Amino acid sequence: MCGIAGIVGPGAEGLEESVLAMNAAQRHRGPDDEGTLFVPGIALGHLRLSIIDLSAAGHQPMTSRDGRFTIVFNGEIYNYIELYAELGGPGVFRSACDTEVLLEAFAKWGPDCVERLRGMFAFAVWDHAERSLFLARDRFGIKPLYYASHGGHTVFASEIKALLAAGVPAVPDMATIGEYLTTGLFDHRPRTFFSGVSSLPPGHFVTVAADGAAGEAKPYYKLADHVDAGLAGISLGEAKERYLSKLRQAIVQHQRSDVPLGAMVSGGLDSSALIALMAEGKDHPVNVEAFSLDFPDELYSERRWAEQ
């Protein structure tokens, strides 16, 4: 994981101490590199955990070739190799990093680029020409993204503790806390345990204007719209074949990494299937490092299945 942070609005470029405090609050998210940017209207911070292209060419904040857009990005774009080729390949790019692919995808397609992404991500792109910020989160909300209005600015980060480090008050949202204690439900909704702090919902984006005001979060993906797509009338056998093909494709793309791969083995069907398909991969054969957790209580232990 990486950590992203920023402040948008008039005079934000002078809030260097706040952004450095935000980075410090979530430094555990990115031990490999740290970067900041301060230009009129915005202050950005980034902490990097290097996965794709471990060189300094992957440093963030990263600015597009034409100088118009700057990005901070947390996550991984699994189809970055395909997008890299579609966007022009080696003649266009300065790195082999998926961050630059995402940045140039935004430069070419704008907000519509999210429709082409396969991955887990939370990212922010500052448009130096329009003086606006685009924030987006992946389809299922794997990567976190929080934001709040504070002091005439919009403040955003990967973790709420970074917002608090920038001065956002830690006021409890009693309604949300009460709902959680009553139902156990909390994740994947805009409200958080902190009053005034919003979580960008999965499959949504939001735009922040130069005056620091965030617009309404808008969806770009809804699972329900895709559940039945192309499934009408197919047989169980065809469904099995399609499912296994999709799963194999996803596993091949998820193994794109410049650092060693690992997997958690719970003993259940899901992790067993993933490890088996990783091990059989012909395009990207790997020696899988597998890890398990065990509990002394037999009620919770899956050790005997994990060992098998």
# chains A, B, ... in the order shown; residues from 1 in each chain; ligands from 1
>>> residues_around(residues="range 304-307 of chain A", least_positions_apart="2", cutoff="7 Å", atoms="only C-alpha atoms", output="number ranges by chain")
A: 265-267, 302
>>> closest_atom_pairs(of="range 48-165 of chain A", to="range 170-181 of chain A", cutoff="10 Å", atoms="only C-alpha atoms", output="tab-separated table")
residue	atom	partner	partner_atom	distance
A:Ile160	CA	A:Ala170	CA	9.4
A:Lys161	CA	A:Ala170	CA	9.2
A:Leu163	CA	A:Ala170	CA	9.2
A:Leu164	CA	A:Ala170	CA	6.6
A:Ala165	CA	A:Ala170	CA	10.0
>>> write_last_selection(atoms="C-alpha atoms", output="tab-separated table (two decimals), in the first residue's frame")
chain	number	residue	atom	x	y	z
A	160	ILE	CA	-8.63	9.50	8.93
A	161	LYS	CA	-5.71	9.97	11.33
A	163	LEU	CA	-7.01	14.31	8.38
A	164	LEU	CA	-6.87	14.80	12.14
A	165	ALA	CA	-3.16	15.62	11.85
>>> residues_around(residues="Ser149 in chain A", least_positions_apart="3", cutoff="8 Å", atoms="only C-alpha atoms", output="tab-separated table (two decimals) with N, CA and C atoms, in the first residue's frame")
chain	number	residue	atom	x	y	z
A	152	GLY	N	-12.02	26.20	5.10
A	152	GLY	CA	-12.15	26.70	3.74
A	152	GLY	C	-11.47	25.84	2.70
A	153	HIS	N	-11.01	24.66	3.12
A	153	HIS	CA	-10.33	23.73	2.20
A	153	HIS	C	-11.03	22.38	2.23
A	154	THR	N	-10.76	21.57	1.21
A	154	THR	CA	-11.05	20.14	1.26
A	154	THR	C	-9.74	19.42	1.56
A	155	VAL	N	-9.77	18.60	2.59
A	155	VAL	CA	-8.60	17.83	3.01
A	155	VAL	C	-8.90	16.36	2.73
A	196	GLY	N	-18.44	14.91	9.94
A	196	GLY	CA	-17.87	15.76	8.90
A	196	GLY	C	-16.81	15.09	8.05
A	197	VAL	N	-16.40	13.88	8.41
A	197	VAL	CA	-15.42	13.13	7.62
A	197	VAL	C	-16.17	12.10	6.77
A	213	ALA	N	-14.18	23.72	-2.47
A	213	ALA	CA	-15.47	23.08	-2.24
A	213	ALA	C	-15.55	21.76	-3.01
A	214	ALA	N	-15.90	20.69	-2.31
A	214	ALA	CA	-16.06	19.38	-2.95
A	214	ALA	C	-17.48	19.24	-3.49
>>> residues_around(residues="Glu216 in chain A", least_positions_apart="5", cutoff="12 Å", atoms="only C-alpha atoms", output="PyMOL selection string")
chain A and resi 134-135+190+198+200-201+204-209
>>> closest_residue(among="A:Gly91, A:Ala162, A:Glu241, A:Phe295", to="Ala25 in chain A", atoms="only C-alpha atoms")
A:Ala162
>>> select_by_dssp(residues="range 83-262 of chain A", states="strand (DSSP E or B)", output="ChimeraX atom specification")
/A:119-127,132-137,146-150,153-157,172,191,194,197-199,204-208,214,218-219,262
>>> write_last_selection(atoms="N, CA and C atoms", output="compact mmCIF listing (two decimals), in the first residue's frame")
# COMPACT_ATOMS: atom_id res chain seq x y z
N GLY A 119 -8.12 -2.82 -11.31
CA GLY A 119 -7.16 -2.73 -10.21
C GLY A 119 -7.81 -2.31 -8.91
N MET A 120 -6.95 -2.05 -7.95
CA MET A 120 -7.39 -1.51 -6.66
C MET A 120 -6.70 -0.16 -6.52
N PHE A 121 -7.49 0.89 -6.26
CA PHE A 121 -6.86 2.20 -6.29
C PHE A 121 -7.67 3.26 -5.56
N ALA A 122 -6.94 4.26 -5.09
CA ALA A 122 -7.50 5.54 -4.68
C ALA A 122 -6.48 6.55 -5.19
N PHE A 123 -6.94 7.52 -5.98
CA PHE A 123 -5.99 8.47 -6.53
C PHE A 123 -6.59 9.86 -6.62
N ALA A 124 -5.69 10.84 -6.70
CA ALA A 124 -6.08 12.24 -6.85
C ALA A 124 -5.27 12.84 -7.98
N VAL A 125 -5.94 13.52 -8.90
CA VAL A 125 -5.26 14.19 -10.01
C VAL A 125 -5.60 15.67 -9.98
N TRP A 126 -4.57 16.51 -9.90
CA TRP A 126 -4.74 17.96 -9.93
C TRP A 126 -4.54 18.46 -11.35
N ASP A 127 -5.53 19.20 -11.84
CA ASP A 127 -5.47 19.81 -13.17
C ASP A 127 -4.95 21.23 -13.00
N SER A 132 -8.54 22.26 -10.61
CA SER A 132 -9.52 21.41 -9.96
C SER A 132 -8.89 20.06 -9.65
N LEU A 133 -9.46 19.36 -8.68
CA LEU A 133 -8.93 18.07 -8.26
C LEU A 133 -9.96 16.98 -8.52
N PHE A 134 -9.49 15.86 -9.06
CA PHE A 134 -10.33 14.70 -9.31
C PHE A 134 -9.91 13.59 -8.36
N LEU A 135 -10.84 13.10 -7.56
CA LEU A 135 -10.59 12.00 -6.62
C LEU A 135 -11.42 10.80 -7.04
N ALA A 136 -10.83 9.60 -7.04
CA ALA A 136 -11.56 8.40 -7.43
C ALA A 136 -11.13 7.21 -6.59
N ARG A 137 -12.06 6.27 -6.45
CA ARG A 137 -11.81 5.04 -5.67
C ARG A 137 -12.24 3.83 -6.49
N TYR A 146 -10.55 9.11 2.31
CA TYR A 146 -11.39 9.93 3.19
C TYR A 146 -11.17 11.41 2.87
N TYR A 147 -12.24 12.21 3.09
CA TYR A 147 -12.09 13.64 2.88
C TYR A 147 -13.03 14.41 3.78
N ALA A 148 -12.69 15.68 4.02
CA ALA A 148 -13.47 16.53 4.90
C ALA A 148 -13.27 17.98 4.50
N SER A 149 -14.23 18.81 4.86
CA SER A 149 -14.11 20.25 4.67
C SER A 149 -13.58 20.86 5.97
N HIS A 150 -12.50 21.64 5.84
CA HIS A 150 -11.89 22.22 7.04
C HIS A 150 -11.17 23.52 6.69
N HIS A 153 -11.01 24.66 3.12
CA HIS A 153 -10.33 23.73 2.20
C HIS A 153 -11.03 22.38 2.23
N THR A 154 -10.76 21.57 1.21
CA THR A 154 -11.05 20.14 1.26
C THR A 154 -9.74 19.42 1.56
N VAL A 155 -9.77 18.60 2.59
CA VAL A 155 -8.60 17.83 3.01
C VAL A 155 -8.90 16.36 2.73
N PHE A 156 -7.95 15.64 2.12
CA PHE A 156 -8.17 14.22 1.82
C PHE A 156 -6.94 13.40 2.19
N ALA A 157 -7.15 12.11 2.42
CA ALA A 157 -6.04 11.23 2.79
C ALA A 157 -6.48 9.77 2.73
N PRO A 172 -17.08 12.85 17.34
CA PRO A 172 -17.73 11.59 17.03
C PRO A 172 -19.07 11.79 16.33
N ARG A 191 -20.66 8.00 5.42
CA ARG A 191 -20.44 8.50 6.76
C ARG A 191 -19.44 7.64 7.51
N PHE A 194 -16.45 9.73 12.45
CA PHE A 194 -16.07 11.12 12.73
C PHE A 194 -17.01 12.06 11.99
N VAL A 197 -16.40 13.88 8.41
CA VAL A 197 -15.42 13.13 7.62
C VAL A 197 -16.17 12.10 6.77
N SER A 198 -15.99 12.18 5.46
CA SER A 198 -16.67 11.27 4.53
C SER A 198 -15.69 10.26 3.95
N SER A 199 -16.21 9.08 3.70
CA SER A 199 -15.47 8.06 2.96
C SER A 199 -16.03 8.06 1.54
N HIS A 204 -16.90 5.34 -6.99
CA HIS A 204 -17.32 6.73 -7.07
C HIS A 204 -16.13 7.65 -7.35
N PHE A 205 -16.44 8.86 -7.80
CA PHE A 205 -15.45 9.92 -7.92
C PHE A 205 -16.07 11.21 -7.40
N VAL A 206 -15.23 12.16 -7.08
CA VAL A 206 -15.69 13.47 -6.65
C VAL A 206 -14.69 14.51 -7.16
N THR A 207 -15.19 15.67 -7.52
CA THR A 207 -14.35 16.76 -8.01
C THR A 207 -14.34 17.90 -7.00
N VAL A 208 -13.15 18.45 -6.75
CA VAL A 208 -12.99 19.57 -5.82
C VAL A 208 -12.57 20.79 -6.63
N ALA A 214 -15.90 20.69 -2.31
CA ALA A 214 -16.06 19.38 -2.95
C ALA A 214 -17.48 19.24 -3.49
N LYS A 218 -20.10 10.99 -7.23
CA LYS A 218 -20.90 10.39 -8.30
C LYS A 218 -20.39 8.99 -8.63
N PRO A 219 -21.30 8.05 -8.89
CA PRO A 219 -20.88 6.68 -9.21
C PRO A 219 -20.43 6.55 -10.65
N GLY A 262 3.47 -13.20 -2.35
CA GLY A 262 3.08 -14.05 -1.24
C GLY A 262 1.59 -14.27 -1.24
>>> residues_around(residues="Ala43 in chain A", least_positions_apart="6", cutoff="12 Å", atoms="only C-alpha atoms", output="short mmCIF file (atom, residue, chain, number, x, y, z; two decimals) with all heavy atoms, in the first residue's frame")
data_model
loop_
_atom_site.label_atom_id
_atom_site.label_comp_id
_atom_site.auth_asym_id
_atom_site.auth_seq_id
_atom_site.Cartn_x
_atom_site.Cartn_y
_atom_site.Cartn_z
N ILE A 4 -1.71 8.57 0.37
CA ILE A 4 -1.88 9.84 -0.32
C ILE A 4 -2.52 10.85 0.62
O ILE A 4 -3.24 10.49 1.55
CB ILE A 4 -2.72 9.69 -1.62
CG1 ILE A 4 -4.17 9.29 -1.30
CG2 ILE A 4 -2.08 8.68 -2.55
CD1 ILE A 4 -5.07 9.28 -2.54
N ALA A 5 -2.24 12.12 0.38
CA ALA A 5 -2.78 13.18 1.23
C ALA A 5 -2.77 14.48 0.45
O ALA A 5 -1.98 14.65 -0.48
CB ALA A 5 -1.94 13.33 2.50
N GLY A 6 -3.66 15.40 0.84
CA GLY A 6 -3.68 16.68 0.16
C GLY A 6 -4.66 17.66 0.76
O GLY A 6 -5.56 17.29 1.51
N ILE A 7 -4.43 18.92 0.42
CA ILE A 7 -5.31 20.02 0.84
C ILE A 7 -5.57 20.89 -0.38
O ILE A 7 -4.63 21.26 -1.09
CB ILE A 7 -4.65 20.85 1.96
CG1 ILE A 7 -4.29 19.96 3.15
CG2 ILE A 7 -5.59 21.97 2.40
CD1 ILE A 7 -3.50 20.68 4.23
N VAL A 8 -6.84 21.18 -0.65
CA VAL A 8 -7.23 21.94 -1.83
C VAL A 8 -7.98 23.21 -1.42
O VAL A 8 -8.88 23.14 -0.58
CB VAL A 8 -8.14 21.11 -2.76
CG1 VAL A 8 -8.37 21.85 -4.08
CG2 VAL A 8 -7.55 19.74 -3.01
N GLY A 9 -7.60 24.33 -2.02
CA GLY A 9 -8.31 25.58 -1.76
C GLY A 9 -7.36 26.75 -1.71
O GLY A 9 -6.13 26.60 -1.77
N PRO A 10 -7.89 27.96 -1.60
CA PRO A 10 -7.05 29.17 -1.59
C PRO A 10 -6.00 29.12 -0.48
O PRO A 10 -6.31 28.86 0.69
CB PRO A 10 -8.06 30.29 -1.34
CG PRO A 10 -9.36 29.75 -1.84
CD PRO A 10 -9.33 28.29 -1.54
N GLY A 11 -4.74 29.34 -0.85
CA GLY A 11 -3.67 29.36 0.13
C GLY A 11 -3.17 27.99 0.57
O GLY A 11 -2.30 27.91 1.45
N ALA A 12 -3.67 26.93 -0.04
CA ALA A 12 -3.26 25.58 0.37
C ALA A 12 -1.76 25.37 0.20
O ALA A 12 -1.14 24.60 0.96
CB ALA A 12 -4.03 24.53 -0.43
N GLU A 13 -1.17 26.06 -0.78
CA GLU A 13 0.27 25.87 -1.03
C GLU A 13 1.12 26.30 0.15
O GLU A 13 2.29 25.91 0.25
CB GLU A 13 0.69 26.64 -2.28
CG GLU A 13 0.61 28.16 -2.16
CD GLU A 13 -0.77 28.74 -2.44
OE1 GLU A 13 -1.74 27.96 -2.53
OE2 GLU A 13 -0.86 29.98 -2.58
N GLY A 14 0.56 27.08 1.06
CA GLY A 14 1.32 27.52 2.23
C GLY A 14 1.19 26.61 3.44
O GLY A 14 1.79 26.88 4.48
N LEU A 15 0.45 25.50 3.28
CA LEU A 15 0.20 24.61 4.41
C LEU A 15 1.17 23.43 4.42
O LEU A 15 0.79 22.27 4.59
CB LEU A 15 -1.25 24.12 4.38
CG LEU A 15 -2.29 25.24 4.45
CD1 LEU A 15 -3.70 24.68 4.31
CD2 LEU A 15 -2.16 26.02 5.76
N GLU A 16 2.44 23.74 4.26
CA GLU A 16 3.47 22.70 4.19
C GLU A 16 3.52 21.86 5.46
O GLU A 16 3.61 20.63 5.41
CB GLU A 16 4.84 23.32 3.92
CG GLU A 16 5.95 22.31 3.79
CD GLU A 16 7.27 22.94 3.39
OE1 GLU A 16 7.28 24.12 2.99
OE2 GLU A 16 8.29 22.25 3.47
N GLU A 17 3.46 22.52 6.62
CA GLU A 17 3.54 21.78 7.88
C GLU A 17 2.39 20.81 8.03
O GLU A 17 2.56 19.70 8.54
CB GLU A 17 3.58 22.75 9.06
CG GLU A 17 4.88 23.54 9.17
CD GLU A 17 4.94 24.35 10.45
OE1 GLU A 17 4.02 24.23 11.29
OE2 GLU A 17 5.91 25.12 10.62
N SER A 18 1.21 21.19 7.58
CA SER A 18 0.04 20.31 7.68
C SER A 18 0.22 19.06 6.83
O SER A 18 -0.08 17.95 7.27
CB SER A 18 -1.22 21.06 7.26
OG SER A 18 -1.53 22.09 8.17
N VAL A 19 0.72 19.23 5.61
CA VAL A 19 0.90 18.07 4.72
C VAL A 19 2.00 17.15 5.25
O VAL A 19 1.89 15.92 5.20
CB VAL A 19 1.19 18.53 3.28
CG1 VAL A 19 1.62 17.35 2.41
CG2 VAL A 19 -0.04 19.20 2.70
N LEU A 20 3.07 17.73 5.76
CA LEU A 20 4.12 16.91 6.35
C LEU A 20 3.59 16.14 7.56
O LEU A 20 3.95 14.97 7.78
CB LEU A 20 5.30 17.79 6.76
CG LEU A 20 6.09 18.42 5.60
CD1 LEU A 20 7.18 19.34 6.15
CD2 LEU A 20 6.70 17.36 4.70
N MET A 22 0.48 15.17 7.90
CA MET A 22 -0.38 14.14 7.32
C MET A 22 0.46 12.95 6.86
O MET A 22 0.11 11.79 7.10
CB MET A 22 -1.18 14.70 6.16
CG MET A 22 -2.19 15.77 6.56
SD MET A 22 -2.99 16.56 5.15
CE MET A 22 -4.22 15.32 4.72
N ASN A 23 1.57 13.23 6.18
CA ASN A 23 2.46 12.15 5.77
C ASN A 23 3.00 11.38 6.97
O ASN A 23 3.05 10.15 6.97
CB ASN A 23 3.63 12.71 4.96
CG ASN A 23 3.33 12.80 3.47
OD1 ASN A 23 2.23 12.47 3.02
ND2 ASN A 23 4.31 13.24 2.70
N GLY A 35 7.13 12.12 -0.91
CA GLY A 35 7.17 13.29 -1.77
C GLY A 35 6.06 14.27 -1.45
O GLY A 35 5.04 13.90 -0.86
N THR A 36 6.27 15.53 -1.82
CA THR A 36 5.27 16.58 -1.63
C THR A 36 5.27 17.52 -2.82
O THR A 36 6.24 17.57 -3.59
CB THR A 36 5.55 17.40 -0.34
OG1 THR A 36 6.88 17.94 -0.41
CG2 THR A 36 5.40 16.55 0.91
N LEU A 37 4.19 18.27 -2.96
CA LEU A 37 4.09 19.30 -3.99
C LEU A 37 3.27 20.45 -3.43
O LEU A 37 2.20 20.24 -2.84
CB LEU A 37 3.40 18.75 -5.25
CG LEU A 37 3.15 19.77 -6.36
CD1 LEU A 37 4.45 20.10 -7.08
CD2 LEU A 37 2.11 19.25 -7.35
N PRO A 61 4.59 13.04 -5.71
CA PRO A 61 3.67 13.33 -6.80
C PRO A 61 4.35 13.32 -8.17
O PRO A 61 5.50 13.74 -8.30
CB PRO A 61 3.15 14.74 -6.45
CG PRO A 61 3.33 14.85 -4.97
CD PRO A 61 4.60 14.11 -4.69
N THR A 70 -1.01 16.47 -12.25
CA THR A 70 -0.15 15.85 -11.24
C THR A 70 -0.99 14.86 -10.43
O THR A 70 -2.13 15.17 -10.05
CB THR A 70 0.44 16.91 -10.29
OG1 THR A 70 1.29 17.79 -11.04
CG2 THR A 70 1.28 16.25 -9.20
N ILE A 71 -0.40 13.68 -10.18
CA ILE A 71 -1.14 12.61 -9.51
C ILE A 71 -0.46 12.17 -8.23
O ILE A 71 0.77 12.20 -8.12
CB ILE A 71 -1.29 11.39 -10.46
CG1 ILE A 71 -2.26 10.35 -9.88
CG2 ILE A 71 0.07 10.73 -10.72
CD1 ILE A 71 -2.60 9.23 -10.85
N VAL A 72 -1.27 11.77 -7.25
CA VAL A 72 -0.82 10.93 -6.13
C VAL A 72 -1.75 9.72 -6.13
O VAL A 72 -2.97 9.86 -6.28
CB VAL A 72 -0.85 11.67 -4.77
CG1 VAL A 72 0.29 12.66 -4.68
CG2 VAL A 72 -2.18 12.35 -4.50
N ALA A 124 -5.69 10.84 -6.70
CA ALA A 124 -6.08 12.24 -6.85
C ALA A 124 -5.27 12.84 -7.98
O ALA A 124 -4.04 12.66 -8.03
CB ALA A 124 -5.82 13.02 -5.55
N VAL A 125 -5.94 13.52 -8.90
CA VAL A 125 -5.26 14.19 -10.01
C VAL A 125 -5.60 15.67 -9.98
O VAL A 125 -6.78 16.05 -10.02
CB VAL A 125 -5.67 13.60 -11.37
CG1 VAL A 125 -5.02 14.40 -12.50
CG2 VAL A 125 -5.26 12.13 -11.47
N TRP A 126 -4.57 16.51 -9.90
CA TRP A 126 -4.74 17.96 -9.93
C TRP A 126 -4.54 18.46 -11.35
O TRP A 126 -3.54 18.15 -12.00
CB TRP A 126 -3.74 18.63 -9.00
CG TRP A 126 -3.72 20.13 -9.05
CD1 TRP A 126 -2.76 20.93 -9.59
CD2 TRP A 126 -4.73 21.02 -8.55
NE1 TRP A 126 -3.09 22.26 -9.44
CE2 TRP A 126 -4.30 22.35 -8.80
CE3 TRP A 126 -5.95 20.83 -7.89
CZ2 TRP A 126 -5.05 23.47 -8.43
CZ3 TRP A 126 -6.70 21.94 -7.53
CH2 TRP A 126 -6.24 23.25 -7.79
N LEU A 133 -9.46 19.36 -8.68
CA LEU A 133 -8.93 18.07 -8.26
C LEU A 133 -9.96 16.98 -8.52
O LEU A 133 -11.15 17.15 -8.22
CB LEU A 133 -8.58 18.09 -6.77
CG LEU A 133 -7.90 16.82 -6.24
CD1 LEU A 133 -6.43 16.81 -6.64
CD2 LEU A 133 -8.04 16.72 -4.72
N HIS A 153 -11.01 24.66 3.12
CA HIS A 153 -10.33 23.73 2.20
C HIS A 153 -11.03 22.38 2.23
O HIS A 153 -11.77 22.07 3.15
CB HIS A 153 -8.87 23.53 2.61
CG HIS A 153 -8.08 24.79 2.66
ND1 HIS A 153 -7.78 25.43 3.84
CD2 HIS A 153 -7.50 25.54 1.67
CE1 HIS A 153 -7.07 26.51 3.59
NE2 HIS A 153 -6.88 26.61 2.29
N THR A 154 -10.76 21.57 1.21
CA THR A 154 -11.05 20.14 1.26
C THR A 154 -9.74 19.42 1.56
O THR A 154 -8.73 19.64 0.88
CB THR A 154 -11.66 19.62 -0.05
OG1 THR A 154 -13.00 20.11 -0.17
CG2 THR A 154 -11.70 18.09 -0.06
N VAL A 155 -9.77 18.60 2.59
CA VAL A 155 -8.60 17.83 3.01
C VAL A 155 -8.90 16.36 2.73
O VAL A 155 -9.98 15.87 3.07
CB VAL A 155 -8.32 18.04 4.51
CG1 VAL A 155 -7.02 17.36 4.92
CG2 VAL A 155 -8.28 19.52 4.84
N PHE A 156 -7.95 15.64 2.12
CA PHE A 156 -8.17 14.22 1.82
C PHE A 156 -6.94 13.40 2.19
O PHE A 156 -5.82 13.93 2.24
CB PHE A 156 -8.52 14.03 0.34
CG PHE A 156 -7.37 14.25 -0.61
CD1 PHE A 156 -6.51 13.23 -0.96
CD2 PHE A 156 -7.14 15.52 -1.15
CE1 PHE A 156 -5.45 13.43 -1.83
CE2 PHE A 156 -6.09 15.75 -2.02
CZ PHE A 156 -5.23 14.70 -2.36
N ALA A 157 -7.15 12.11 2.42
CA ALA A 157 -6.04 11.23 2.79
C ALA A 157 -6.48 9.77 2.73
O ALA A 157 -7.68 9.47 2.63
CB ALA A 157 -5.51 11.56 4.18
N ALA A 166 -4.04 17.17 10.19
CA ALA A 166 -4.12 18.44 9.47
C ALA A 166 -5.06 19.42 10.17
O ALA A 166 -5.27 20.54 9.67
CB ALA A 166 -4.60 18.21 8.04
N GLY A 212 -11.94 25.20 -3.07
CA GLY A 212 -11.86 24.24 -1.98
C GLY A 212 -13.14 23.50 -1.68
O GLY A 212 -13.19 22.70 -0.74
#
>>> residues_around(residues="Phe93 in chain A", least_positions_apart="6", cutoff="9 Å", atoms="only C-alpha atoms", output="PyMOL selection string")
chain A and resi 65+84+87+100-101+104
>>> write_last_selection(atoms="C-alpha atoms", output="mmCIF file, in the first residue's frame")
data_model
loop_
_atom_site.group_PDB
_atom_site.id
_atom_site.type_symbol
_atom_site.label_atom_id
_atom_site.label_comp_id
_atom_site.auth_asym_id
_atom_site.auth_seq_id
_atom_site.Cartn_x
_atom_site.Cartn_y
_atom_site.Cartn_z
ATOM 1 C CA ARG A 65 4.547 14.853 -19.833
ATOM 2 C CA TYR A 84 0.855 1.081 -21.619
ATOM 3 C CA LEU A 87 -1.123 4.747 -24.905
ATOM 4 C CA GLU A 100 2.608 6.905 -15.004
ATOM 5 C CA VAL A 101 0.257 4.733 -17.054
ATOM 6 C CA GLU A 104 -1.242 9.415 -18.954
#
>>> closest_residue(among="A:Thr99, A:Ser301, A:Ser272, A:Ser158", to="Gly30 in chain A", atoms="only C-alpha atoms")
A:Ser158
>>> select_by_dssp(residues="range 116-213 of chain A", states="alpha helix (DSSP H)", output="JSON list (two decimals) with N, CA, C and O atoms, in the first residue's frame")
[["chain", "number", "residue", "atom", "x", "y", "z"],
["A", 160, "ILE", "N", -8.01, 8.40, 8.19],
["A", 160, "ILE", "CA", -8.63, 9.50, 8.93],
["A", 160, "ILE", "C", -7.62, 10.16, 9.85],
["A", 160, "ILE", "O", -7.65, 11.39, 10.05],
["A", 161, "LYS", "N", -6.69, 9.38, 10.41],
["A", 161, "LYS", "CA", -5.71, 9.97, 11.33],
["A", 161, "LYS", "C", -4.88, 11.06, 10.65],
["A", 161, "LYS", "O", -4.43, 12.00, 11.31],
["A", 162, "ALA", "N", -4.71, 10.96, 9.32],
["A", 162, "ALA", "CA", -3.98, 12.00, 8.60],
["A", 162, "ALA", "C", -4.82, 13.28, 8.52],
["A", 162, "ALA", "O", -4.29, 14.38, 8.58],
["A", 163, "LEU", "N", -6.14, 13.14, 8.37],
["A", 163, "LEU", "CA", -7.01, 14.31, 8.38],
["A", 163, "LEU", "C", -6.95, 15.01, 9.73],
["A", 163, "LEU", "O", -6.90, 16.24, 9.81],
["A", 164, "LEU", "N", -6.95, 14.22, 10.79],
["A", 164, "LEU", "CA", -6.87, 14.80, 12.14],
["A", 164, "LEU", "C", -5.55, 15.52, 12.33],
["A", 164, "LEU", "O", -5.49, 16.57, 12.99],
["A", 165, "ALA", "N", -4.48, 14.99, 11.74],
["A", 165, "ALA", "CA", -3.16, 15.62, 11.85],
["A", 165, "ALA", "C", -3.14, 16.98, 11.16],
["A", 165, "ALA", "O", -2.34, 17.85, 11.50],
["A", 174, "MET", "N", -22.28, 10.25, 16.40],
["A", 174, "MET", "CA", -22.95, 9.32, 17.29],
["A", 174, "MET", "C", -23.97, 8.46, 16.56],
["A", 174, "MET", "O", -24.18, 7.30, 16.93],
["A", 175, "ALA", "N", -24.61, 8.99, 15.50],
["A", 175, "ALA", "CA", -25.58, 8.20, 14.76],
["A", 175, "ALA", "C", -24.91, 7.01, 14.08],
["A", 175, "ALA", "O", -25.42, 5.88, 14.11],
["A", 176, "THR", "N", -23.74, 7.26, 13.46],
["A", 176, "THR", "CA", -23.02, 6.18, 12.78],
["A", 176, "THR", "C", -22.48, 5.17, 13.79],
["A", 176, "THR", "O", -22.54, 3.95, 13.57],
["A", 177, "ILE", "N", -21.95, 5.66, 14.90],
["A", 177, "ILE", "CA", -21.46, 4.76, 15.94],
["A", 177, "ILE", "C", -22.60, 3.90, 16.48],
["A", 177, "ILE", "O", -22.47, 2.69, 16.68],
["A", 178, "GLY", "N", -23.76, 4.54, 16.72],
["A", 178, "GLY", "CA", -24.90, 3.81, 17.22],
["A", 178, "GLY", "C", -25.38, 2.74, 16.25],
["A", 178, "GLY", "O", -25.73, 1.62, 16.65],
["A", 179, "GLU", "N", -25.38, 3.08, 14.95],
["A", 179, "GLU", "CA", -25.79, 2.10, 13.95],
["A", 179, "GLU", "C", -24.84, 0.91, 13.92],
["A", 179, "GLU", "O", -25.26, -0.25, 13.81],
["A", 180, "TYR", "N", -23.54, 1.20, 14.05],
["A", 180, "TYR", "CA", -22.56, 0.12, 14.04],
["A", 180, "TYR", "C", -22.74, -0.80, 15.26],
["A", 180, "TYR", "O", -22.73, -2.02, 15.14],
["A", 181, "LEU", "N", -22.95, -0.20, 16.44],
["A", 181, "LEU", "CA", -23.11, -1.00, 17.65],
["A", 181, "LEU", "C", -24.40, -1.82, 17.61],
["A", 181, "LEU", "O", -24.49, -2.88, 18.21],
["A", 182, "THR", "N", -25.39, -1.33, 16.88],
["A", 182, "THR", "CA", -26.67, -2.02, 16.79],
["A", 182, "THR", "C", -26.67, -3.12, 15.75],
["A", 182, "THR", "O", -27.18, -4.21, 15.98],
["A", 183, "THR", "N", -26.09, -2.83, 14.58],
["A", 183, "THR", "CA", -26.20, -3.76, 13.45],
["A", 183, "THR", "C", -24.88, -4.42, 13.06],
["A", 183, "THR", "O", -24.89, -5.42, 12.35]]
>>> closest_residue(among="A:Pro31, A:Asp258, A:Leu277, A:Ser292", to="Lys246 in chain A", atoms="only C-alpha atoms")
A:Leu277
>>> atom_distance(atom1="CA of Ala105 in chain A", atom2="CA of Tyr220 in chain A")
16.2 Å
>>> atom_distance(atom1="CA of Leu261 in chain A", atom2="CA of Glu298 in chain A")
29.7 Å
>>> closest_residue(among="A:Leu83, A:Met1, A:Leu223, A:Ala129", to="Arg116 in chain A", atoms="only C-alpha atoms")
A:Leu83
>>> atom_distance(atom1="CA of Lys240 in chain A", atom2="CA of Ala263 in chain A")
24.0 Å
>>> residues_around(residues="Gln253 in chain A", least_positions_apart="6", cutoff="10 Å", atoms="only C-alpha atoms", output="PyMOL selection string")
chain A and resi 77-81+118-119+284
>>> closest_residue(among="A:Leu145, A:Met62, A:Leu236, A:Ala273", to="His46 in chain A", atoms="only C-alpha atoms")
A:Met62
